[in-house]
Amino acid sequence: MNKTRLTSKYFSAKRLATLAVLSAMALISFMIEGLFPPLFLPGAKMGISNIFSMLALLLLGPLEAIVVVAVRTVLGSLFGGGISTLLYSFSAGMVAIVVGCYLVRFAFPKVSIVAISVVSAVVHNVSQVLVFCLVSNTPQMLYYAPWMALLGIVAGVIVGFAVWLIVKNLPQKMLSSLAE
Amino acid sequence: MEKDWCKKTLIFFVVALLVVASFTFVQPVQAVSNEPYYLQSIASGNKFVGARMYGNYFANDNLTNVDGIYMAMGVPVSVEIYTSDKLPIDSKLDFSQQNPIIAQLKEIFAQINDIIVSIDNLTNPMYNGQNGLPQSDVFKYNNATTGQEVEISSDTYTMLQLAQQCYLQTEGLFNPCAYRLVDLWGFSSRVFTYNLTTGCYAQPYDRTFVEGGGYQLPTDNYVQAFSDEQFVSFAPSSVVLEERNNKFYVTKNVNPAVVEQDGITHTYHQWLDLGGVAKGYVADLVAQFLESKGLTNYYISVGDSSVRMGKFLQDKEHLIVQQDAFNPAYSALGYNFTDVGLACSGKYLRNYMVDGVVYNHIINPKTGIPSNGVVEGVLVATDGHNYTATITDCYATALSIMDEQQVVDYINSNPDVLVSALCKNVKGQQIILSNLDKNSVYTNKTTFDSYAWALEKSNGQLIINENAVAPSSRNVGPIIAIVVGCVVIFAAVVIVLLHFVKKSKNNLVAQARKSSPFMRADITLYFILVLVVVLLLVGVMPEQTAVVQIEIHDMQTDQLLFVYNVNKDSIYTNEQNGWTVTTERQNNLLTVTIAKEIDGQTHFNKIQIDISNNTTVQMVSSLCGRHQECVKTFHPITMGGGTIVCSPNNIKVVTK
C-alpha cells in the first residue's frame with residue numbers, strides 16, 4: 001500500500017464530505033433531468049450531472065470522480081430507469097470519465113476544462129449508442145451515433161463552462177486543504 | 001392411440017391456420033348448402049381480394065356408418081383463388097347472391113370438388129364397394145392375388161407411374177408398397193376404422209390399443225416377412241403397369257408373405273397405398289384445371305402437407321412457413337415461393353411412444369421399422385413439371401428416411417428441387433440441410449437460432465460444414481459478455497489510476513482556477529472530434545434504399561412480433577408470450593398496435609406505416625410510463641436500415 005492514500009489528509013472529513021455532496025448532487029440532477037423529455041434525439045440529455053463528476057475530478061481526484069459516476073448511474077438507474085438503462089449509462093459514464101481522467105492527468109492545463117468536457121461528452125454519447133446497439137442487437141441504431149456526437153459537443157461546451165465558472169468562483173476557503 | 005391421433009390432428013389444424021393467417025386475413029365462413037365444402041371471401045387489409053374453398057375430404061361419411069366404428073378424420077383441403085383480370089374480385093362475396101362472378105366461382109369450386117372426390121374414390125384403400133362406398137382401384141389391387149391383372153383408371157395409372165419413377169429415383173426409399181408395414185405399425189386408415197367389437201376390417205396381426213399406455217409392438221416375424229425385399233418391391237417388374245387400347249392395367253407380380261402365428265399359417269398379399277401420392281396429385285389436378293381456365297393466381301393445400309401454388313395476389317410470391325420440427329407450435333423459417341409444388345413431411349406429425357421410445361409414422365421399407373433417419377421435418381419444393389406436388393410429396397417421404405449424407409447427395413443431384421430439412425444429427429445438434437438461399441430465408445429467431453445452417457458451397461457442390469454452430473448456442477448472451485467486459489475494463493482502469501494517485505498534481509485546483517476556457521491546444525482536440533463525427537457520418541450512413549420490409553421485434557427475446565412485406569403486401573403477426581398485435585388498414589395507411597400487460601397496465605406502441613409511393617414508418621402514439629421517446633425523438637423511417645426503439649416497452653421497429 002502506498003503511504004499517501006493512508007494519510008489522514010486523504011480521508012479527511014472535508015474530502016469525504018465534499019465527495020458525498022458531489023455524489024448526491026450528481027444523483028439528484030441526474031434524476032431531475034430524467035423527468036424532462038429528451039431533446040431532439042432519442043436518449044439525448046444535457047448531462048448536468050457531469051458538472052459534478054468533473055468537479056470531483058478536478059477538486060478531489062480521478063478515483064473520486066469514478067465514485068461519483070458509479071453512484072450516479074447505479075442509484076439513478078435503480079430509482080428511475082431499469083437494469084437495461086443501468087447497463088448503457090454505467091458503461092458509457094465510465095468510459096467518459098476515464099477519458100476525462102486521462103486528459104486531466106496528461107493534457108491539462110495545456111487544453112482547457114471546456115475542451116476536456118466536450119471530449120468526454122462526445123465519448124459518452126457515442127459509447128452509449130454503441131453499447132445500446134450491442135445489447136439490443138440493433139445495428140440500425142448506429143445511424144444516430146454521429147448526431148449524438150454533435151449533440152455531445154453542444155452539451156460538453158455548456159457543462160465545461162459551468163465547471164470552469166464554478167472552479168473559478170468558489171471561495172478559496174472551501175478549496176484550501178481539499179488537495180491531499 | 002386415438003387420443004394421440006386427435007392431438008396430432010389438432011396441432012395440424014393450428015399450424016394450418018398459422019400458415020394461412022400468415023399471409024391473409026380470412027373472412028367469416030359462408031356455407032354453401034348441401035355441399036361438403038365452405039366458401040369464403042379472402043381479405044387483405046380492408047380489400048377483398050379472392051375466394052376460398054374449404055372442405056374435409058378423404059373420409060367418406062359411409063365409412064363411419066357401421067355401428068361403433070372409429071371415425072376416420074379426413075384431410076382438410078383448401079383452394080384459394082385470388083383476383084385477376086380473368087376473374088376480378090373486388091368486393092365481399094355473398095355466395096347467396098346471384099351474379100356472374102359468384103356463378104363462375106361456384107361452378108369452379110363445384111368442379112374442384114368433383115376432382116377431389118373422384119381421386120379419393122380411386123385411391124382410398126378402405127373403399128370396398130360395400131355400405132354405399134365406391135370400390136377403389138387401390139382396394140382392387142390390394143385384394144388381387146399373385147399374377148392377377150386389375151383394370152385401373154388413367155388417373156391411378158398416372159399416379160402409379162409417377163410413384164414408380166420416384167421409387168426408382170430414391171432407390172426404394174419412397175415405396176407405396178410398404179403399406180403392409182404401415183398397417184402393421186398401426187398408422188394406416190384401416191387401423192382407425194377397425195372395430196374391436198365386430199372385428200370389422202380386422203387383421204390377424206392387430207394388437208390391442210392400450211389407452212394412455214401406448215401400443216404393443218409388432219412381432220419380429222411379421223416385420224421380417226413384410227419388409228422382405230421381394231414382398232415390398234414396387235419395381236416395374238413386380239408391380240407391372242400396362243396400357244392397352246386406351247385401357248390401363250396393373251399386375252401384381254409379387255409372391256405373398258407367409259407368416260405362422262399361434263400354429264396357424266397366414267398368407268398376406270402385397271398391399272399398396274397411394275396416400276403419399278394422392279394428396280399431391282389432387283393438388284396438381286386442381287392446379288391444371290385452374291390453369292386451363294386461365295387462372296394463375298391460386299394456392300391449393302391438401303392436408304396442409306401437399307401444396308401447389310400459382311402466383312399470389314398481383315402476381316407476387318407466396319410466403320410459406322415451415323414448422324419447427326422440435327417445437328411444432330412455432331415456425332422455424334419462411335421462404336417465398338411461386339408456381340411450385342411443395343410438400344412437407346415430418347416424423348413429429350404422427351407417432352406414439354412405447355417404453356420411452358417414439359415410433360413415428362414414416363416406416364423405412366428396407367428395415368421394416370419406423371424411420372430412424374436424422375431428418376425430423378422436411379419441406380420440398382420444385383417447379384417446371386405438370387405433377388410437381390405429386391413428386392415433391394414422394395420426395396418428402398423419402399427424405400424423411402435418409403441420413404445426413406444421403407440428404408446432401410440428394411440435394412446435390414437434384415439442384416432444381418428446393419429442400420429444407422430440419423435434422424438432429426448423431427451428435428444431437430439441430431441442423432438445417434437446405435439449398436434455399438439463406439439470405440432470402442425469413443427466420444423466426446427464437447426457433448431458427450437453435451439450428452446450425454450446416455451446408456456450404458465448395459467447388460459447386462454443397463457439403464456439410466461439421467463446424468457449423470447454431471446461433472443460440474453461440475451467443476451466451478451479449479449482455480453478459482458486455483457486463484463482464486465492462487467490469488474487466490473498469491478494474492484495469494482503477495489499477496492504472498491508483499498508480500497515478502501517488503503522484504497526482506498538487507497544484508491542480510490552483511491551475512484550474514487560473515485556467516482560461518480556451519487554450520490553443522484545444523483546437524487539436526476539437527479538430528479530432530469533428531473528424532470523428534464526419535467519419536461516423538460517412539461510416540454509418542445507410543444506403544438510400546426503399547423500405548422493403550418492416551419488422552417489429554421484442555428486444556429482450558428477439559421474438560419477431562410483426563412483419564410487413566411491402567412488395568408482397570403481406571402481413572405476419574406473432575402473439576406469443578403475452579403480446580397482442582392488431583393491425584388496421586385504411587387505404588394506404590396501415591396501423592399496427594403492439595400491446596403488452598406490464599405491471600398491471602397495458603403498455604402499447606402504435607406504429608403507422610404509410611404505403612403510398614414512398615413507404616414511411618412512424619410511431620404515432622405509445623404508453624410506456626416514460627417520455628414517449630419513440631414518438632417524439634425518433635424520426636420517421638423512410639428507407640431500409642432504419643429503426644425506432646422503445647426501451648421501456650422493449651420494442652424495436654426495424655426496416656430492411
# chains A, B, ... in the order shown; residues from 1 in each chain; ligands from 1
>>> interface_residues(of="chain A", to="chain B", cutoff="6 Å", atoms="only C-alpha atoms", output="list in words")
Pro37, Phe40, Leu41, Pro42, Leu59, Val111, Ser112, Val114, Ala115, Val135, Ser136, Gln140, Tyr143, Pro146, Val167 and Lys168 of chain A
>>> select_by_dssp(residues="stretch 507-612 of chain B", states="strand (DSSP E or B)", output="VMD selection string")
chain B and resid 549 to 554 560 to 565 570 to 573 580 to 586 589 to 598 601 to 610
>>> residues_around(residues="stretch 345-352 of chain B", least_positions_apart="6", cutoff="6 Å", atoms="only C-alpha atoms", output="MDAnalysis selection string")
chainID B and resid 358:361 376:378 396
>>> atom_distance(atom1="atom CA of B:Leu285", atom2="atom CA of B:Gln161")
15.4 Å
>>> atom_distance(atom1="atom CA of B:Thr615", atom2="atom CA of B:Met639")
7.7 Å
>>> atom_distance(atom1="atom CA of A:Glu33", atom2="atom CA of A:Ile48")
7.6 Å
>>> residues_around(residues="stretch 11-22 of chain A", least_positions_apart="6", cutoff="8 Å", atoms="only C-alpha atoms", output="ChimeraX atom specification")
/A:5,52-53,55-56,60,64,68,178
>>> residues_around(residues="B:Ile611", least_positions_apart="5", cutoff="7 Å", atoms="only C-alpha atoms", output="ChimeraX atom specification")
/B:588-589,616
>>> residues_around(residues="A:Leu75", least_positions_apart="2", cutoff="12 Å", atoms="only C-alpha atoms", output="compact mmCIF listing (two decimals) with N, CA and C atoms, in the first residue's frame")
# COMPACT_ATOMS: atom_id res chain seq x y z
N SER A 23 -21.54 13.62 -4.99
CA SER A 23 -22.27 12.43 -5.44
C SER A 23 -23.77 12.67 -5.35
N ALA A 24 -24.20 13.23 -4.23
CA ALA A 24 -25.63 13.46 -4.02
C ALA A 24 -26.16 14.43 -5.07
N ALA A 26 -24.90 15.05 -8.00
CA ALA A 26 -24.89 14.41 -9.31
C ALA A 26 -26.12 13.52 -9.47
N LEU A 27 -26.41 12.75 -8.41
CA LEU A 27 -27.56 11.84 -8.47
C LEU A 27 -28.86 12.61 -8.62
N ILE A 28 -29.00 13.67 -7.81
CA ILE A 28 -30.25 14.44 -7.86
C ILE A 28 -30.44 15.10 -9.23
N PHE A 30 -29.18 14.17 -11.99
CA PHE A 30 -29.41 13.10 -12.97
C PHE A 30 -30.88 12.72 -12.99
N MET A 31 -31.47 12.61 -11.78
CA MET A 31 -32.86 12.18 -11.73
C MET A 31 -33.82 13.29 -12.15
N VAL A 67 -16.09 7.32 -8.44
CA VAL A 67 -17.09 7.01 -7.42
C VAL A 67 -18.37 7.81 -7.70
N VAL A 68 -18.19 9.09 -8.02
CA VAL A 68 -19.37 9.93 -8.28
C VAL A 68 -20.17 9.36 -9.46
N VAL A 69 -19.46 8.98 -10.52
CA VAL A 69 -20.17 8.45 -11.70
C VAL A 69 -20.87 7.13 -11.35
N ALA A 70 -20.17 6.26 -10.60
CA ALA A 70 -20.75 4.97 -10.25
C ALA A 70 -22.01 5.16 -9.43
N VAL A 71 -21.94 6.03 -8.42
CA VAL A 71 -23.10 6.28 -7.56
C VAL A 71 -24.25 6.82 -8.40
N ARG A 72 -23.93 7.79 -9.25
CA ARG A 72 -24.97 8.43 -10.06
C ARG A 72 -25.65 7.41 -10.98
N THR A 73 -24.90 6.60 -11.70
CA THR A 73 -25.52 5.70 -12.68
C THR A 73 -26.23 4.53 -12.00
N SER A 77 -30.24 4.66 -12.04
CA SER A 77 -30.97 3.68 -12.82
C SER A 77 -31.91 2.87 -11.95
N LEU A 78 -31.45 2.57 -10.73
CA LEU A 78 -32.31 1.80 -9.83
C LEU A 78 -33.56 2.60 -9.47
N PHE A 79 -33.41 3.89 -9.23
CA PHE A 79 -34.55 4.71 -8.85
C PHE A 79 -35.44 5.03 -10.04
N GLY A 80 -34.78 5.34 -11.15
CA GLY A 80 -35.58 5.91 -12.24
C GLY A 80 -35.74 5.04 -13.47
N GLY A 81 -34.77 4.28 -13.82
CA GLY A 81 -34.85 3.57 -15.09
C GLY A 81 -35.02 2.08 -14.89
N GLY A 82 -34.16 1.32 -15.46
CA GLY A 82 -34.24 -0.13 -15.29
C GLY A 82 -32.85 -0.70 -15.43
N ILE A 83 -32.80 -2.03 -15.36
CA ILE A 83 -31.50 -2.69 -15.44
C ILE A 83 -30.84 -2.41 -16.80
N THR A 85 -31.16 0.28 -18.65
CA THR A 85 -30.61 1.64 -18.66
C THR A 85 -29.29 1.66 -17.92
N LEU A 86 -29.23 0.92 -16.80
CA LEU A 86 -28.01 0.87 -16.00
C LEU A 86 -26.85 0.44 -16.87
N SER A 89 -25.89 3.32 -19.35
CA SER A 89 -25.43 4.58 -18.75
C SER A 89 -24.18 4.35 -17.92
N PHE A 90 -24.09 3.17 -17.27
CA PHE A 90 -22.90 2.88 -16.45
C PHE A 90 -21.66 2.75 -17.34
>>> select_by_dssp(residues="stretch 222-453 of chain B", states="helix (DSSP H, G or I)", output="PyMOL selection string")
chain B and resi 222-226+275-292+313-315+388-399+404-413+438-440+445-448
>>> closest_residue(among="B:Asp206, B:Asp220, B:Asp437, B:Glu597", to="B:Val259", atoms="only C-alpha atoms")
B:Asp220
>>> closest_residue(among="A:Ser49, A:Ala44, A:Val163, A:Ile158", to="A:Ile32", atoms="only C-alpha atoms")
A:Ser49
>>> residues_around(residues="B:Gly275", least_positions_apart="4", cutoff="9 Å", atoms="only C-alpha atoms", output="list in words")
Thr123, Asn124, Pro125, Pro176 and Lys279 of chain B
>>> decode(residues="stretch 81-177 of chain A", atoms="C-alpha atoms", output="PDB file, in the first residue's frame")
ATOM      1  CA  GLY A  81     -34.846   3.570 -15.091  1.00  0.00           C
ATOM      2  CA  GLY A  82     -34.240  -0.129 -15.293  1.00  0.00           C
ATOM      3  CA  ILE A  83     -31.496  -2.686 -15.439  1.00  0.00           C
ATOM      4  CA  SER A  84     -31.063  -2.122 -19.161  1.00  0.00           C
ATOM      5  CA  THR A  85     -30.609   1.644 -18.657  1.00  0.00           C
ATOM      6  CA  LEU A  86     -28.013   0.874 -15.999  1.00  0.00           C
ATOM      7  CA  LEU A  87     -26.063  -1.186 -18.489  1.00  0.00           C
ATOM      8  CA  TYR A  88     -25.551   1.557 -21.028  1.00  0.00           C
ATOM      9  CA  SER A  89     -25.426   4.584 -18.754  1.00  0.00           C
ATOM     10  CA  PHE A  90     -22.900   2.879 -16.454  1.00  0.00           C
ATOM     11  CA  SER A  91     -20.597   1.677 -19.194  1.00  0.00           C
ATOM     12  CA  ALA A  92     -20.786   4.952 -21.142  1.00  0.00           C
ATOM     13  CA  GLY A  93     -20.331   7.042 -17.978  1.00  0.00           C
ATOM     14  CA  MET A  94     -17.290   5.007 -17.016  1.00  0.00           C
ATOM     15  CA  VAL A  95     -15.669   5.280 -20.415  1.00  0.00           C
ATOM     16  CA  ALA A  96     -16.310   9.044 -20.495  1.00  0.00           C
ATOM     17  CA  ILE A  97     -14.934   9.782 -17.037  1.00  0.00           C
ATOM     18  CA  VAL A  98     -11.870   7.606 -17.639  1.00  0.00           C
ATOM     19  CA  VAL A  99     -11.130   9.553 -20.819  1.00  0.00           C
ATOM     20  CA  GLY A 100     -11.618  12.743 -18.781  1.00  0.00           C
ATOM     21  CA  CYS A 101      -9.207  11.464 -16.114  1.00  0.00           C
ATOM     22  CA  TYR A 102      -6.502  10.788 -18.654  1.00  0.00           C
ATOM     23  CA  LEU A 103      -6.938  14.171 -20.293  1.00  0.00           C
ATOM     24  CA  VAL A 104      -6.720  15.970 -16.952  1.00  0.00           C
ATOM     25  CA  ARG A 105      -3.663  13.923 -15.983  1.00  0.00           C
ATOM     26  CA  PHE A 106      -1.723  14.383 -19.221  1.00  0.00           C
ATOM     27  CA  ALA A 107      -3.136  17.295 -21.218  1.00  0.00           C
ATOM     28  CA  PHE A 108      -4.318  19.761 -18.583  1.00  0.00           C
ATOM     29  CA  PRO A 109      -3.596  22.659 -18.389  1.00  0.00           C
ATOM     30  CA  LYS A 110      -2.427  22.709 -21.991  1.00  0.00           C
ATOM     31  CA  VAL A 111      -6.038  22.103 -23.001  1.00  0.00           C
ATOM     32  CA  SER A 112      -8.938  23.869 -21.311  1.00  0.00           C
ATOM     33  CA  ILE A 113     -11.544  22.408 -18.987  1.00  0.00           C
ATOM     34  CA  VAL A 114     -14.166  23.096 -21.634  1.00  0.00           C
ATOM     35  CA  ALA A 115     -12.338  21.009 -24.234  1.00  0.00           C
ATOM     36  CA  ILE A 116     -11.943  18.116 -21.796  1.00  0.00           C
ATOM     37  CA  SER A 117     -15.646  18.274 -21.010  1.00  0.00           C
ATOM     38  CA  VAL A 118     -16.541  18.291 -24.702  1.00  0.00           C
ATOM     39  CA  VAL A 119     -14.373  15.246 -25.425  1.00  0.00           C
ATOM     40  CA  SER A 120     -15.870  13.259 -22.549  1.00  0.00           C
ATOM     41  CA  ALA A 121     -19.385  14.221 -23.581  1.00  0.00           C
ATOM     42  CA  VAL A 122     -18.825  13.033 -27.155  1.00  0.00           C
ATOM     43  CA  VAL A 123     -17.164   9.809 -25.981  1.00  0.00           C
ATOM     44  CA  HIS A 124     -20.066   9.287 -23.586  1.00  0.00           C
ATOM     45  CA  ASN A 125     -22.740   9.679 -26.253  1.00  0.00           C
ATOM     46  CA  VAL A 126     -21.014   7.570 -28.883  1.00  0.00           C
ATOM     47  CA  SER A 127     -20.200   4.740 -26.479  1.00  0.00           C
ATOM     48  CA  GLN A 128     -23.776   4.820 -25.193  1.00  0.00           C
ATOM     49  CA  VAL A 129     -25.114   4.294 -28.701  1.00  0.00           C
ATOM     50  CA  LEU A 130     -22.570   1.518 -29.324  1.00  0.00           C
ATOM     51  CA  VAL A 131     -23.471  -0.323 -26.139  1.00  0.00           C
ATOM     52  CA  PHE A 132     -27.150   0.046 -26.910  1.00  0.00           C
ATOM     53  CA  CYS A 133     -26.611  -1.442 -30.383  1.00  0.00           C
ATOM     54  CA  LEU A 134     -24.760  -4.388 -28.892  1.00  0.00           C
ATOM     55  CA  VAL A 135     -27.156  -5.037 -26.025  1.00  0.00           C
ATOM     56  CA  SER A 136     -30.354  -4.778 -28.022  1.00  0.00           C
ATOM     57  CA  ASN A 137     -28.885  -6.239 -31.221  1.00  0.00           C
ATOM     58  CA  THR A 138     -29.989  -3.210 -33.206  1.00  0.00           C
ATOM     59  CA  PRO A 139     -27.162  -2.179 -35.541  1.00  0.00           C
ATOM     60  CA  GLN A 140     -29.596   0.219 -37.226  1.00  0.00           C
ATOM     61  CA  MET A 141     -29.307   2.453 -34.149  1.00  0.00           C
ATOM     62  CA  LEU A 142     -25.736   3.343 -35.219  1.00  0.00           C
ATOM     63  CA  TYR A 143     -27.331   5.793 -37.617  1.00  0.00           C
ATOM     64  CA  TYR A 144     -27.891   8.077 -34.640  1.00  0.00           C
ATOM     65  CA  ALA A 145     -24.258   7.952 -33.468  1.00  0.00           C
ATOM     66  CA  PRO A 146     -22.919  10.991 -35.388  1.00  0.00           C
ATOM     67  CA  TRP A 147     -25.893  13.122 -34.377  1.00  0.00           C
ATOM     68  CA  MET A 148     -25.459  12.091 -30.779  1.00  0.00           C
ATOM     69  CA  ALA A 149     -21.789  13.065 -31.088  1.00  0.00           C
ATOM     70  CA  LEU A 150     -22.759  16.508 -32.384  1.00  0.00           C
ATOM     71  CA  LEU A 151     -25.177  16.921 -29.522  1.00  0.00           C
ATOM     72  CA  GLY A 152     -22.374  15.839 -27.188  1.00  0.00           C
ATOM     73  CA  ILE A 153     -20.268  18.759 -28.382  1.00  0.00           C
ATOM     74  CA  VAL A 154     -23.028  21.237 -27.509  1.00  0.00           C
ATOM     75  CA  ALA A 155     -23.723  19.657 -24.117  1.00  0.00           C
ATOM     76  CA  GLY A 156     -19.992  19.374 -23.403  1.00  0.00           C
ATOM     77  CA  VAL A 157     -19.445  23.092 -24.011  1.00  0.00           C
ATOM     78  CA  ILE A 158     -22.238  24.016 -21.606  1.00  0.00           C
ATOM     79  CA  VAL A 159     -21.072  21.613 -18.898  1.00  0.00           C
ATOM     80  CA  GLY A 160     -17.448  22.670 -19.405  1.00  0.00           C
ATOM     81  CA  PHE A 161     -18.247  26.351 -18.954  1.00  0.00           C
ATOM     82  CA  ALA A 162     -20.288  25.589 -15.848  1.00  0.00           C
ATOM     83  CA  VAL A 163     -17.375  23.669 -14.326  1.00  0.00           C
ATOM     84  CA  TRP A 164     -14.942  26.380 -15.256  1.00  0.00           C
ATOM     85  CA  LEU A 165     -17.111  29.071 -13.686  1.00  0.00           C
ATOM     86  CA  ILE A 166     -17.642  27.070 -10.515  1.00  0.00           C
ATOM     87  CA  VAL A 167     -13.966  26.260 -10.043  1.00  0.00           C
ATOM     88  CA  LYS A 168     -13.027  29.872 -10.740  1.00  0.00           C
ATOM     89  CA  ASN A 169     -15.535  31.420  -8.389  1.00  0.00           C
ATOM     90  CA  LEU A 170     -15.577  29.030  -5.440  1.00  0.00           C
ATOM     91  CA  PRO A 171     -14.161  30.800  -2.350  1.00  0.00           C
ATOM     92  CA  GLN A 172     -10.548  29.908  -1.690  1.00  0.00           C
ATOM     93  CA  LYS A 173     -11.508  28.835   1.845  1.00  0.00           C
ATOM     94  CA  MET A 174     -13.593  25.963   0.550  1.00  0.00           C
ATOM     95  CA  LEU A 175     -10.831  24.684  -1.611  1.00  0.00           C
ATOM     96  CA  SER A 176      -7.933  25.030   0.845  1.00  0.00           C
ATOM     97  CA  SER A 177      -6.989  21.634   2.357  1.00  0.00           C
TER      98      SER A 177
END
